[in-house]
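The block underneath contains the structure these notes are about, expressed in structure tokens.
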Amino acid sequence: MSTQHFLVEIGTEELPPKSLKKLSAAFSKGVLDGLADAGLSFSASKSFASPRRLAIRVEGLATQQPEKSVEKRGPSKKAAYDADGNPTRALTGFTGSLGIDPSELEEMETPKGAWLVYKSTEAGQQTIQLLNNIVEQSLNKLPIPKRMRWGAQRVEFVRPVQWILMTFGNEVVPGSILNIQNGKVTRGHRFHSQGEIEINDAMSYESTLLDQGRVIADYEQRKDKIRAGVEAAAKDVGGIAVIDEDLLDEVCALNEWPVPLLGNFEERFLSVPAEALVSSMKEHQKYFHVVDDKQQMLPHFITLSNIESKDPQQVISGNERVIRPRLSDAAFFFETDKKTSLLAKRDALKNIVFQTKLGTVFEKTERVSKLAAKIALHLGNNEGYAQKAGQLAKSDLVSEMVLEFTDLQGIMGYHYALHDGEPEEVALALNEQYMPKYAGGPLPTTATGCALSIAEKVDSLVGLFGINQPPTGTKDPFALRRAALGVLRIIVEKELDIDLNDLMSWAAEQYDGLANESVVDDLVDYMLERFRSWYEDENISAEVFLSVNARRPTRPVDFDRRIQAVNTFCRLEEAAALSAANKRVSNILSKQETEMSNTSIDKSLLSEAAEIELSAQLEAQAAKVVPLFDAGQYGEALASLAALHQPVDQFFDDVMVMVDDEAIKNNRLALLNQLRGLFLRVADISLLSK
């Protein structure tokens with residue numbers, strides 16, 4: 001089958017920079033999915049994206065859909081002819097609707113007898129006739145939160161569309177998109193290029209745009225050029241450019257012809273915390289900052305210009321004039337804030353409501369302070385540090401700097417605490433209270449930071465559950481799901497010996513009866529349930545989670561050890577048989593009228609060889625694994641219990657449990673109860689059996 005190259009480009013006004021990558025990926029996927037649905041094969045594809053265009057080239061695209069076999073079933077043979085062998089109305093109606101002669105039909109044998117069918121081959125459509133609709137459908141599915149209209153038209157898109165380039169081989173694909181006729185011309189850089197640029201060959205798309213339009217259409221190529229240019233500019237002044245990937249993506253989406261330029265600012269601004277300077281440059285101006293080999297900030301920045309100026313110094317000077325007042329503001333805020341200590345700033349928190357029923361932010365710091373101190377005391381850490389960190393935790397929220405640069409909360413608390421002469425661990429904790437800030441993010445590095453972070457999150461959890469405002473559906477305004485996972489991560493990864501029952505009870509005590517025992521129980525269950533998504537991300541099966549959760553171990557470190565042990569146990573050859581046996585035992589015991597609590601075995605009542613062997617093996621295993629269970633060495637214990645596979649199977653093959661003799665029956669039930677009890681020290685492995 002013959003093939004041609006297909007090229008489509010949607011030319012627009014400047015697209016939202018933070019959405020460009022996502023829009024490009026979605027557009028390309030939509031086109032390729034549409035081609036696949038139409039049964040059109042191709043050899044390769046490549047996406048392009050810049051501030052003013054979304055494009056994709058599909059190479060070696062089949063010029064026609066493949067032929068399709070068509071089979072249409074008519075009446076049964078019995079119903080097709082009458083007793084004299086003449087066609088019935090059922091047959092003539094069927095053949096008439098298809099415009100064929102009855103002789104063209106074939107017989108098909110089925111379990112219900114012979115049927116008449118018409119088999120034919122349907123030619124595929126020409127690809128060029130399908131492409132416009134495929135592109136249109138892809139554009140309709142783009143993830144655009146809010147579409148806009150322009151001019152007097154009613155069509156909508158993320159930004160006004162100015163041109164459509166759509167060619168297949170040497171032909172323009174007939175039709176229009178968003179009320180714009182398809183063509184074979186594109187447009188280059190807004191300032192470095194004039195007029196329309198004709199694209200006669202899809203394979204020369206990038207080179208033509210580059211040479212005639214001064215546009216680097218390939219997103220990744222443009223990004224690599226920016227990275228190299230920024231690094232080279234920093235190297236020119238003996239520095240190292242700090243390249244944030246999100247910022248790199250954003251400036252890549254803002255420029256079609258990126259030109260890195262190095263600017264400077266006064267060294268006096270270096271007395272301001274680097275984070276404040278970076279926030280000013282990165283968030284507002286999209287500048288990259290420069291550090292030395294010791295990671296100390298240098299008085300330089302790198303900006304990206306979308307034009308190659310004949311006088312670049314003028315562009316640099318303009319950027320320096322823009323950033324100077326922002327840095328001056330940051331310096332002013334810093335100096336102003338230092339005049340008042342964090343402790344003194346606490347009074348202003350009395351005017352900020354945390355939650356209507358839970359009081360002010362000041363009251364929250366009072367609770368968090370006491371809870372953090374209790375956690376630190378329990379863990380054998382510095383109780384005084386934790387208490388002080390809790391008191392100062394939110395003071396920087398009312399600082400001038402954080403009011404202007406909200407992303408600096410916690411960071412400025414650290415700097416102001418050091419200025420106030422607080423111990424460094426207390427200062428670090430003020431920033432670490434917000435960790436982890438996202439899934440997989442860094443955890444607190446200090447003991448005080450761990451205590452404060454846990455306390456801050458648990459206080460919110462207990463308070464909001466106490467007033468019956470847990471997360472519902474997709475609504476989680478206080479980010480309680482993230483808070484719960486954060487607490488679990490800190491406890492597990494830092495191996496902290498904390499019981500969730502104790503932790504929630506300590507937090508509830510700070511609320512003067514707001515959170516009762518029922519709330520504590522509900523919250524512990526909620527916390528344990530958060531483990532489910534955690535382990536899903538680690539590709540640990542839901543059955544493993546459910547088997548451990550059935551035992552409800554409330555120490556997160558212990559919970560995790562059990563999960564890892566059971567997950568490893570599942571890979572053993574004996575695991576499936578033992579989990580099935582436990583399920584069988586569970587079913588047998590559950591049918592007893594009274595709960596089986598007796599596990600003592602009368603050896604004089606053991607008569608069958610299989611039950612004598614199982615009893616001996618259980619006794620030997622108990623002596624071996626109970627100390628391992630007590631030490632939390634669940635993996636070793638389960639590996640040892642795997643040896644019970646054979647005696648358990650033999651028992652069920654040879655021994656009847658539910659015999660008429662009540663004493664023997666109860667003795668055998670006690671034997672099974674002992675077997676199940678050993679495994680239940682880790683998890684209910686009967687739930688592993690599907």
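Going through the structure tokens in order, the chains are called A, B, and so on, while each chain numbers its residues from 1 and the ligands are numbered from 1 in the order shown.
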Residues within 8 Å of A:Arg214, please, as a list of chain:residue names. Count only C-alpha atoms; anything in the same chain fewer than 2 positions from it doesn't count. A:Gly188, A:His189, A:His192, A:Ser193, A:Leu209, A:Leu210, A:Asp211, A:Gln212, A:Ile216, A:Glu256, A:Trp257
Restricting the output to C-alpha atoms, write the selected residues as a PDB file, in the first residue's frame.
ATOM      1  CA  GLY A 188       7.388  32.304  11.610  1.00  0.00           C
ATOM      2  CA  HIS A 189       8.630  34.363  14.539  1.00  0.00           C
ATOM      3  CA  HIS A 192      12.108  38.034  13.130  1.00  0.00           C
ATOM      4  CA  SER A 193       9.896  36.808  10.286  1.00  0.00           C
ATOM      5  CA  LEU A 209      10.647  27.224  10.017  1.00  0.00           C
ATOM      6  CA  LEU A 210      14.175  27.527  11.363  1.00  0.00           C
ATOM      7  CA  ASP A 211      15.693  29.062   8.220  1.00  0.00           C
ATOM      8  CA  GLN A 212      12.847  31.261   7.049  1.00  0.00           C
ATOM      9  CA  ILE A 216      12.757  26.260  16.722  1.00  0.00           C
ATOM     10  CA  GLU A 256      10.353  30.491  19.882  1.00  0.00           C
ATOM     11  CA  TRP A 257      13.857  31.924  19.379  1.00  0.00           C
TER      12      TRP A 257
END
Contact residues around stretch 430-433 of chain A with only C-alpha atoms at 9 Å, ignoring same-chain residues under 3 positions, as a PyMOL selection string: chain A and resi 389-390+392-394+409-414+417+425-427+436+443-446+448-457
Export, as a short mmCIF file (atom, residue, chain, number, x, y, z; two decimals), in the first residue's frame, the selected residues with C-alpha atoms.
data_model
loop_
_atom_site.label_atom_id
_atom_site.label_comp_id
_atom_site.auth_asym_id
_atom_site.auth_seq_id
_atom_site.Cartn_x
_atom_site.Cartn_y
_atom_site.Cartn_z
CA ALA A 389 9.11 25.19 67.76
CA GLY A 390 5.38 24.60 68.16
CA LEU A 392 6.77 29.77 66.86
CA ALA A 393 5.47 27.52 64.08
CA LYS A 394 3.10 30.01 62.46
CA GLN A 409 6.28 30.36 54.77
CA GLY A 410 8.41 28.16 56.97
CA ILE A 411 11.58 29.21 55.15
CA MET A 412 11.37 32.73 56.56
CA GLY A 413 10.48 31.27 59.95
CA TYR A 414 13.84 29.49 59.82
CA ALA A 417 14.40 32.17 64.29
CA GLU A 425 17.24 22.67 65.37
CA VAL A 426 14.26 24.80 66.41
CA ALA A 427 14.80 27.07 63.42
CA PRO A 436 6.66 16.32 53.03
CA LEU A 443 11.07 14.46 55.06
CA PRO A 444 12.21 16.46 58.10
CA THR A 445 15.88 15.90 58.91
CA THR A 446 15.74 16.79 62.62
CA THR A 448 12.29 18.37 66.44
CA GLY A 449 11.19 18.81 62.83
CA CYS A 450 9.64 15.33 62.84
CA ALA A 451 7.79 15.99 66.10
CA LEU A 452 6.50 19.37 64.89
CA SER A 453 5.47 18.11 61.46
CA ILE A 454 3.54 15.19 62.96
CA ALA A 455 1.92 17.41 65.59
CA GLU A 456 0.89 20.07 63.08
CA LYS A 457 -0.80 17.53 60.81
#
Please identify all polymer residues within 10 Å of stretch 640-650 of chain A, counting only C-alpha atoms, omitting same-chain residues fewer than 4 positions from it, and present them as a ChimeraX atom specification. /A:569,572-579,581-582,609-618,621-622,624-625,634-636,654-655,672,675,678-679
Go ahead and dump the residues you just picked, N, CA and C atoms, as an mmCIF file, in the first residue's frame.
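Output below, filename part-v3.cif:
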data_model
loop_
_atom_site.group_PDB
_atom_site.id
_atom_site.type_symbol
_atom_site.label_atom_id
_atom_site.label_comp_id
_atom_site.auth_asym_id
_atom_site.auth_seq_id
_atom_site.Cartn_x
_atom_site.Cartn_y
_atom_site.Cartn_z
ATOM 1 N N PHE A 569 6.452 -13.306 51.653
ATOM 2 C CA PHE A 569 5.888 -14.637 51.853
ATOM 3 C C PHE A 569 5.092 -15.091 50.622
ATOM 4 N N LEU A 572 6.746 -17.203 47.970
ATOM 5 C CA LEU A 572 7.165 -18.576 48.254
ATOM 6 C C LEU A 572 6.227 -19.568 47.584
ATOM 7 N N GLU A 573 6.748 -20.710 47.210
ATOM 8 C CA GLU A 573 5.932 -21.743 46.568
ATOM 9 C C GLU A 573 4.814 -22.225 47.489
ATOM 10 N N GLU A 574 5.104 -22.259 48.791
ATOM 11 C CA GLU A 574 4.136 -22.807 49.753
ATOM 12 C C GLU A 574 3.013 -21.825 50.093
ATOM 13 N N ALA A 575 3.149 -20.551 49.683
ATOM 14 C CA ALA A 575 2.220 -19.510 50.131
ATOM 15 C C ALA A 575 0.778 -19.787 49.727
ATOM 16 N N ALA A 576 0.567 -20.144 48.467
ATOM 17 C CA ALA A 576 -0.804 -20.343 47.978
ATOM 18 C C ALA A 576 -1.510 -21.454 48.751
ATOM 19 N N ALA A 577 -0.812 -22.580 48.953
ATOM 20 C CA ALA A 577 -1.426 -23.707 49.660
ATOM 21 C C ALA A 577 -1.707 -23.353 51.117
ATOM 22 N N LEU A 578 -0.779 -22.650 51.768
ATOM 23 C CA LEU A 578 -0.969 -22.293 53.176
ATOM 24 C C LEU A 578 -2.093 -21.267 53.345
ATOM 25 N N SER A 579 -2.197 -20.320 52.410
ATOM 26 C CA SER A 579 -3.284 -19.340 52.526
ATOM 27 C C SER A 579 -4.633 -20.025 52.291
ATOM 28 N N ALA A 581 -5.249 -23.178 52.968
ATOM 29 C CA ALA A 581 -5.488 -23.970 54.174
ATOM 30 C C ALA A 581 -6.009 -23.091 55.302
ATOM 31 N N ASN A 582 -5.444 -21.912 55.449
ATOM 32 C CA ASN A 582 -5.921 -20.984 56.483
ATOM 33 C C ASN A 582 -7.359 -20.557 56.219
ATOM 34 N N ALA A 609 -1.807 -40.494 62.343
ATOM 35 C CA ALA A 609 -0.400 -40.118 62.147
ATOM 36 C C ALA A 609 -0.272 -38.664 61.690
ATOM 37 N N ALA A 610 -1.201 -38.204 60.814
ATOM 38 C CA ALA A 610 -1.118 -36.846 60.262
ATOM 39 C C ALA A 610 -1.359 -35.792 61.336
ATOM 40 N N GLU A 611 -2.280 -36.072 62.278
ATOM 41 C CA GLU A 611 -2.527 -35.065 63.315
ATOM 42 C C GLU A 611 -1.422 -35.072 64.361
ATOM 43 N N ILE A 612 -0.834 -36.238 64.605
ATOM 44 C CA ILE A 612 0.304 -36.311 65.532
ATOM 45 C C ILE A 612 1.480 -35.517 64.959
ATOM 46 N N GLU A 613 1.714 -35.673 63.638
ATOM 47 C CA GLU A 613 2.814 -34.966 62.976
ATOM 48 C C GLU A 613 2.570 -33.456 62.978
ATOM 49 N N LEU A 614 1.331 -33.047 62.665
ATOM 50 C CA LEU A 614 1.022 -31.622 62.636
ATOM 51 C C LEU A 614 1.188 -30.998 64.014
ATOM 52 N N SER A 615 0.734 -31.710 65.062
ATOM 53 C CA SER A 615 0.876 -31.207 66.421
ATOM 54 C C SER A 615 2.337 -31.007 66.789
ATOM 55 N N ALA A 616 3.179 -31.991 66.419
ATOM 56 C CA ALA A 616 4.612 -31.895 66.720
ATOM 57 C C ALA A 616 5.242 -30.729 65.977
ATOM 58 N N GLN A 617 4.851 -30.574 64.711
ATOM 59 C CA GLN A 617 5.411 -29.480 63.910
ATOM 60 C C GLN A 617 4.974 -28.115 64.451
ATOM 61 N N LEU A 618 3.713 -28.020 64.872
ATOM 62 C CA LEU A 618 3.220 -26.757 65.432
ATOM 63 C C LEU A 618 3.963 -26.400 66.714
ATOM 64 N N GLN A 621 7.422 -25.237 65.722
ATOM 65 C CA GLN A 621 7.385 -23.924 65.077
ATOM 66 C C GLN A 621 7.066 -22.812 66.076
ATOM 67 N N ALA A 622 6.155 -23.092 66.999
ATOM 68 C CA ALA A 622 5.795 -22.083 67.996
ATOM 69 C C ALA A 622 7.016 -21.682 68.820
ATOM 70 N N LYS A 624 9.961 -21.695 67.911
ATOM 71 C CA LYS A 624 10.910 -20.976 67.061
ATOM 72 C C LYS A 624 10.418 -19.579 66.678
ATOM 73 N N VAL A 625 9.130 -19.470 66.313
ATOM 74 C CA VAL A 625 8.662 -18.214 65.715
ATOM 75 C C VAL A 625 8.080 -17.208 66.707
ATOM 76 N N TYR A 634 8.986 -10.475 61.326
ATOM 77 C CA TYR A 634 7.887 -11.201 60.705
ATOM 78 C C TYR A 634 8.318 -11.990 59.475
ATOM 79 N N GLY A 635 9.226 -11.447 58.722
ATOM 80 C CA GLY A 635 9.680 -12.132 57.512
ATOM 81 C C GLY A 635 10.299 -13.476 57.822
ATOM 82 N N GLU A 636 11.179 -13.499 58.811
ATOM 83 C CA GLU A 636 11.828 -14.759 59.197
ATOM 84 C C GLU A 636 10.801 -15.745 59.748
ATOM 85 N N ASP A 654 -5.862 -36.733 55.330
ATOM 86 C CA ASP A 654 -6.018 -37.979 56.096
ATOM 87 C C ASP A 654 -6.969 -37.900 57.283
ATOM 88 N N VAL A 655 -7.249 -36.703 57.768
ATOM 89 C CA VAL A 655 -7.964 -36.579 59.047
ATOM 90 C C VAL A 655 -9.337 -35.946 58.848
ATOM 91 N N LEU A 672 -6.295 -26.911 64.885
ATOM 92 C CA LEU A 672 -6.431 -25.957 63.776
ATOM 93 C C LEU A 672 -6.399 -24.516 64.277
ATOM 94 N N LEU A 675 -2.898 -23.580 64.768
ATOM 95 C CA LEU A 675 -2.279 -23.303 63.466
ATOM 96 C C LEU A 675 -2.628 -21.891 62.999
ATOM 97 N N LEU A 678 -0.978 -18.970 64.977
ATOM 98 C CA LEU A 678 0.416 -18.633 64.670
ATOM 99 C C LEU A 678 0.492 -17.636 63.516
ATOM 100 N N PHE A 679 -0.256 -17.889 62.452
ATOM 101 C CA PHE A 679 -0.230 -16.981 61.300
ATOM 102 C C PHE A 679 -0.849 -15.624 61.631
#
Spatial neighbours of A:Ala580, 10 Å, only C-alpha atoms, chain gap at least 4 places, as a PyMOL selection string: chain A and resi 575-576+584-586+685-690
Return the single residue from A:Arg147, A:Ser19, A:Pro553, A:Arg159 that is closest to A:Asp246, with distances computed using only C-alpha atoms. A:Ser19
Those of stretch 133-292 of chain A in DSSP alpha helix (DSSP H), formatted as an NGL selection string: :A and (133-140 or 205-213 or 219-236 or 245-252 or 274-279 or 285)
What's the 12 Å shell around A:Leu496, counting only C-alpha atoms, without same-chain residues fewer than 3 positions away, as a list in words?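 Answer for this query is Ile375, Ala376, His378, Leu379, Gly380, Asn381, Ala447, Cys450, Ala451, Ile454, Val487, Leu488, Arg489, Ile490, Ile491, Val492, Glu493, Asp499, Leu500, Leu503, Arg555, Pro556, Val557, Asp558 and Asp560 of chain A.
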Counting only C-alpha atoms, closest pick from A:Ser590, A:Ser41, A:Asn567, A:Thr127 relative to A:Asn539 is A:Asn567
Selection near stretch 163-177 of chain A, 9 Å with only C-alpha atoms, sequence-local residues under 3 positions removed, as a VMD selection string: chain A and resid 3 to 12 55 61 63 127 to 129 131 to 133 135 to 136 180 to 187 199 to 202
Written file, previous selection with N, CA and C atoms, as a short mmCIF file (atom, residue, chain, number, x, y, z; two decimals), in the first residue's frame:
data_model
loop_
_atom_site.label_atom_id
_atom_site.label_comp_id
_atom_site.auth_asym_id
_atom_site.auth_seq_id
_atom_site.Cartn_x
_atom_site.Cartn_y
_atom_site.Cartn_z
N THR A 3 2.11 5.15 0.68
CA THR A 3 2.08 5.99 1.89
C THR A 3 2.48 7.42 1.53
N GLN A 4 2.10 8.34 2.42
CA GLN A 4 2.49 9.74 2.31
C GLN A 4 2.74 10.27 3.71
N HIS A 5 3.40 11.44 3.78
CA HIS A 5 3.60 12.08 5.07
C HIS A 5 2.45 13.06 5.34
N PHE A 6 1.99 13.07 6.57
CA PHE A 6 0.90 13.95 6.98
C PHE A 6 1.43 14.99 7.97
N LEU A 7 1.06 16.24 7.77
CA LEU A 7 1.51 17.33 8.66
C LEU A 7 0.32 18.21 8.99
N VAL A 8 0.14 18.48 10.27
CA VAL A 8 -0.89 19.43 10.68
C VAL A 8 -0.30 20.37 11.73
N GLU A 9 -0.60 21.66 11.56
CA GLU A 9 -0.14 22.67 12.52
C GLU A 9 -1.30 23.61 12.80
N ILE A 10 -1.58 23.80 14.08
CA ILE A 10 -2.61 24.74 14.52
C ILE A 10 -1.89 26.00 14.97
N GLY A 11 -2.04 27.08 14.19
CA GLY A 11 -1.36 28.34 14.52
C GLY A 11 -2.25 29.24 15.35
N THR A 12 -1.74 29.71 16.48
CA THR A 12 -2.57 30.47 17.44
C THR A 12 -1.85 31.72 17.93
N ALA A 55 1.70 21.16 16.65
CA ALA A 55 1.84 20.46 15.37
C ALA A 55 2.25 19.01 15.58
N LEU A 61 2.27 7.43 6.33
CA LEU A 61 0.87 7.14 6.63
C LEU A 61 0.20 6.53 5.40
N THR A 63 -2.25 5.64 2.50
CA THR A 63 -3.12 6.55 1.76
C THR A 63 -4.58 6.10 1.73
N THR A 127 -7.54 8.07 2.87
CA THR A 127 -7.07 8.70 4.12
C THR A 127 -7.32 10.19 4.13
N ILE A 128 -7.09 10.85 3.00
CA ILE A 128 -7.19 12.31 2.95
C ILE A 128 -8.61 12.79 3.29
N GLN A 129 -9.59 11.90 3.08
CA GLN A 129 -10.97 12.26 3.40
C GLN A 129 -11.28 12.12 4.89
N LEU A 131 -8.84 12.73 7.45
CA LEU A 131 -7.91 13.46 8.32
C LEU A 131 -8.53 14.67 9.00
N ASN A 132 -9.33 15.44 8.29
CA ASN A 132 -9.89 16.65 8.88
C ASN A 132 -10.71 16.33 10.12
N ASN A 133 -11.54 15.30 10.02
CA ASN A 133 -12.37 14.92 11.17
C ASN A 133 -11.53 14.39 12.32
N VAL A 135 -8.46 15.28 13.13
CA VAL A 135 -7.83 16.44 13.79
C VAL A 135 -8.86 17.20 14.61
N GLU A 136 -10.04 17.38 14.03
CA GLU A 136 -11.10 18.11 14.73
C GLU A 136 -11.48 17.42 16.04
N ILE A 180 -11.53 28.09 9.94
CA ILE A 180 -10.38 28.53 9.16
C ILE A 180 -10.05 27.46 8.14
N GLN A 181 -9.94 27.89 6.87
CA GLN A 181 -9.69 26.95 5.79
C GLN A 181 -8.29 26.36 5.91
N ASN A 182 -8.19 25.06 5.71
CA ASN A 182 -6.88 24.40 5.73
C ASN A 182 -6.01 24.93 4.60
N GLY A 183 -4.72 25.01 4.87
CA GLY A 183 -3.79 25.49 3.85
C GLY A 183 -2.45 24.80 3.98
N LYS A 184 -1.45 25.34 3.27
CA LYS A 184 -0.11 24.77 3.33
C LYS A 184 0.91 25.83 3.73
N VAL A 185 0.43 26.89 4.41
CA VAL A 185 1.35 27.94 4.85
C VAL A 185 1.36 28.04 6.36
N THR A 186 2.50 28.41 6.90
CA THR A 186 2.66 28.67 8.33
C THR A 186 3.19 30.09 8.50
N ARG A 187 3.44 30.47 9.72
CA ARG A 187 4.03 31.77 10.00
C ARG A 187 5.20 31.59 10.95
N ILE A 199 4.96 25.56 3.17
CA ILE A 199 5.56 24.26 3.48
C ILE A 199 5.16 23.28 2.38
N ASN A 200 6.12 22.93 1.53
CA ASN A 200 5.84 22.04 0.41
C ASN A 200 6.18 20.58 0.72
N ASP A 201 6.94 20.38 1.77
CA ASP A 201 7.38 19.03 2.13
C ASP A 201 7.32 18.88 3.64
N ALA A 202 6.52 17.94 4.12
CA ALA A 202 6.36 17.76 5.56
C ALA A 202 7.69 17.49 6.26
#
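Closest approach to A:Ser460 among A:Gln355, A:Thr472, A:Ser395, A:Gln126: A:Gln355, based on only C-alpha atoms.
Take atom CA of A:Ile540 and atom CA of A:Ile563: the distance between them is 8.5 Å.
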Skipping near chain neighbours, those fewer than 3 positions away, what residues fall within 12 Å of A:Trp534 using only C-alpha atoms, listed as a list in words? Ala439, Gly440, Arg481, Arg482, Ala484, Leu485, Gly486, Leu488, Arg489, Val492, Met527, Leu528, Glu529, Arg530, Phe531, Asp537, Glu538, Asn539, Ile540, Ser541, Ala542, Phe545, Asp560 and Ile563 of chain A
For those residues, write N, CA and C atoms to a file as a PDB file, in the first residue's frame.
ATOM      1  N   ALA A 439       3.852  14.226  47.371  1.00  0.00           N
ATOM      2  CA  ALA A 439       4.094  12.778  47.397  1.00  0.00           C
ATOM      3  C   ALA A 439       5.539  12.480  47.035  1.00  0.00           C
ATOM      4  N   GLY A 440       6.219  11.772  47.916  1.00  0.00           N
ATOM      5  CA  GLY A 440       7.619  11.440  47.673  1.00  0.00           C
ATOM      6  C   GLY A 440       8.578  12.560  48.004  1.00  0.00           C
ATOM      7  N   ARG A 481      -5.914  14.238  53.479  1.00  0.00           N
ATOM      8  CA  ARG A 481      -5.361  12.990  52.934  1.00  0.00           C
ATOM      9  C   ARG A 481      -3.833  13.091  52.844  1.00  0.00           C
ATOM     10  N   ARG A 482      -3.369  14.221  52.338  1.00  0.00           N
ATOM     11  CA  ARG A 482      -1.923  14.420  52.230  1.00  0.00           C
ATOM     12  C   ARG A 482      -1.281  14.468  53.612  1.00  0.00           C
ATOM     13  N   ALA A 484      -2.349  12.951  56.356  1.00  0.00           N
ATOM     14  CA  ALA A 484      -2.320  11.595  56.912  1.00  0.00           C
ATOM     15  C   ALA A 484      -1.167  10.786  56.326  1.00  0.00           C
ATOM     16  N   LEU A 485      -0.995  10.854  55.012  1.00  0.00           N
ATOM     17  CA  LEU A 485       0.106  10.132  54.378  1.00  0.00           C
ATOM     18  C   LEU A 485       1.453  10.673  54.833  1.00  0.00           C
ATOM     19  N   GLY A 486       1.517  11.994  55.034  1.00  0.00           N
ATOM     20  CA  GLY A 486       2.760  12.602  55.506  1.00  0.00           C
ATOM     21  C   GLY A 486       3.151  12.087  56.880  1.00  0.00           C
ATOM     22  N   LEU A 488       2.266   9.218  58.243  1.00  0.00           N
ATOM     23  CA  LEU A 488       2.669   7.807  58.109  1.00  0.00           C
ATOM     24  C   LEU A 488       4.077   7.692  57.535  1.00  0.00           C
ATOM     25  N   ARG A 489       4.365   8.497  56.524  1.00  0.00           N
ATOM     26  CA  ARG A 489       5.705   8.434  55.916  1.00  0.00           C
ATOM     27  C   ARG A 489       6.796   8.784  56.925  1.00  0.00           C
ATOM     28  N   VAL A 492       7.102   5.875  59.524  1.00  0.00           N
ATOM     29  CA  VAL A 492       7.651   4.634  58.962  1.00  0.00           C
ATOM     30  C   VAL A 492       9.103   4.818  58.523  1.00  0.00           C
ATOM     31  N   MET A 527      -6.446   6.548  59.079  1.00  0.00           N
ATOM     32  CA  MET A 527      -4.995   6.586  58.859  1.00  0.00           C
ATOM     33  C   MET A 527      -4.515   5.254  58.278  1.00  0.00           C
ATOM     34  N   LEU A 528      -4.965   4.147  58.861  1.00  0.00           N
ATOM     35  CA  LEU A 528      -4.531   2.836  58.373  1.00  0.00           C
ATOM     36  C   LEU A 528      -4.997   2.613  56.938  1.00  0.00           C
ATOM     37  N   GLU A 529      -6.172   3.127  56.613  1.00  0.00           N
ATOM     38  CA  GLU A 529      -6.684   2.971  55.247  1.00  0.00           C
ATOM     39  C   GLU A 529      -5.818   3.729  54.245  1.00  0.00           C
ATOM     40  N   ARG A 530      -5.148   4.818  54.706  1.00  0.00           N
ATOM     41  CA  ARG A 530      -4.251   5.574  53.803  1.00  0.00           C
ATOM     42  C   ARG A 530      -3.099   4.705  53.312  1.00  0.00           C
ATOM     43  N   PHE A 531      -2.781   3.678  54.101  1.00  0.00           N
ATOM     44  CA  PHE A 531      -1.702   2.774  53.694  1.00  0.00           C
ATOM     45  C   PHE A 531      -2.035   2.081  52.366  1.00  0.00           C
ATOM     46  N   ASP A 537       0.966   2.139  45.197  1.00  0.00           N
ATOM     47  CA  ASP A 537       2.049   2.807  44.465  1.00  0.00           C
ATOM     48  C   ASP A 537       3.318   1.965  44.450  1.00  0.00           C
ATOM     49  N   GLU A 538       3.469   1.089  45.442  1.00  0.00           N
ATOM     50  CA  GLU A 538       4.638   0.207  45.498  1.00  0.00           C
ATOM     51  C   GLU A 538       4.361  -1.150  44.843  1.00  0.00           C
ATOM     52  N   ASN A 539       3.225  -1.244  44.150  1.00  0.00           N
ATOM     53  CA  ASN A 539       2.827  -2.480  43.454  1.00  0.00           C
ATOM     54  C   ASN A 539       2.680  -3.672  44.398  1.00  0.00           C
ATOM     55  N   ILE A 540       2.222  -3.398  45.613  1.00  0.00           N
ATOM     56  CA  ILE A 540       1.890  -4.456  46.565  1.00  0.00           C
ATOM     57  C   ILE A 540       0.382  -4.686  46.474  1.00  0.00           C
ATOM     58  N   SER A 541      -0.018  -5.934  46.328  1.00  0.00           N
ATOM     59  CA  SER A 541      -1.417  -6.238  46.043  1.00  0.00           C
ATOM     60  C   SER A 541      -2.350  -5.833  47.184  1.00  0.00           C
ATOM     61  N   ALA A 542      -3.601  -5.598  46.809  1.00  0.00           N
ATOM     62  CA  ALA A 542      -4.618  -5.225  47.802  1.00  0.00           C
ATOM     63  C   ALA A 542      -4.825  -6.347  48.805  1.00  0.00           C
ATOM     64  N   PHE A 545      -2.406  -5.997  51.646  1.00  0.00           N
ATOM     65  CA  PHE A 545      -2.835  -4.932  52.553  1.00  0.00           C
ATOM     66  C   PHE A 545      -3.992  -5.389  53.428  1.00  0.00           C
ATOM     67  N   ASP A 560       4.057  -1.644  58.574  1.00  0.00           N
ATOM     68  CA  ASP A 560       4.881  -1.742  57.366  1.00  0.00           C
ATOM     69  C   ASP A 560       5.729  -3.016  57.367  1.00  0.00           C
ATOM     70  N   ILE A 563       3.539  -5.848  56.337  1.00  0.00           N
ATOM     71  CA  ILE A 563       3.251  -5.784  54.896  1.00  0.00           C
ATOM     72  C   ILE A 563       4.424  -6.339  54.096  1.00  0.00           C
TER      73      ILE A 563
END
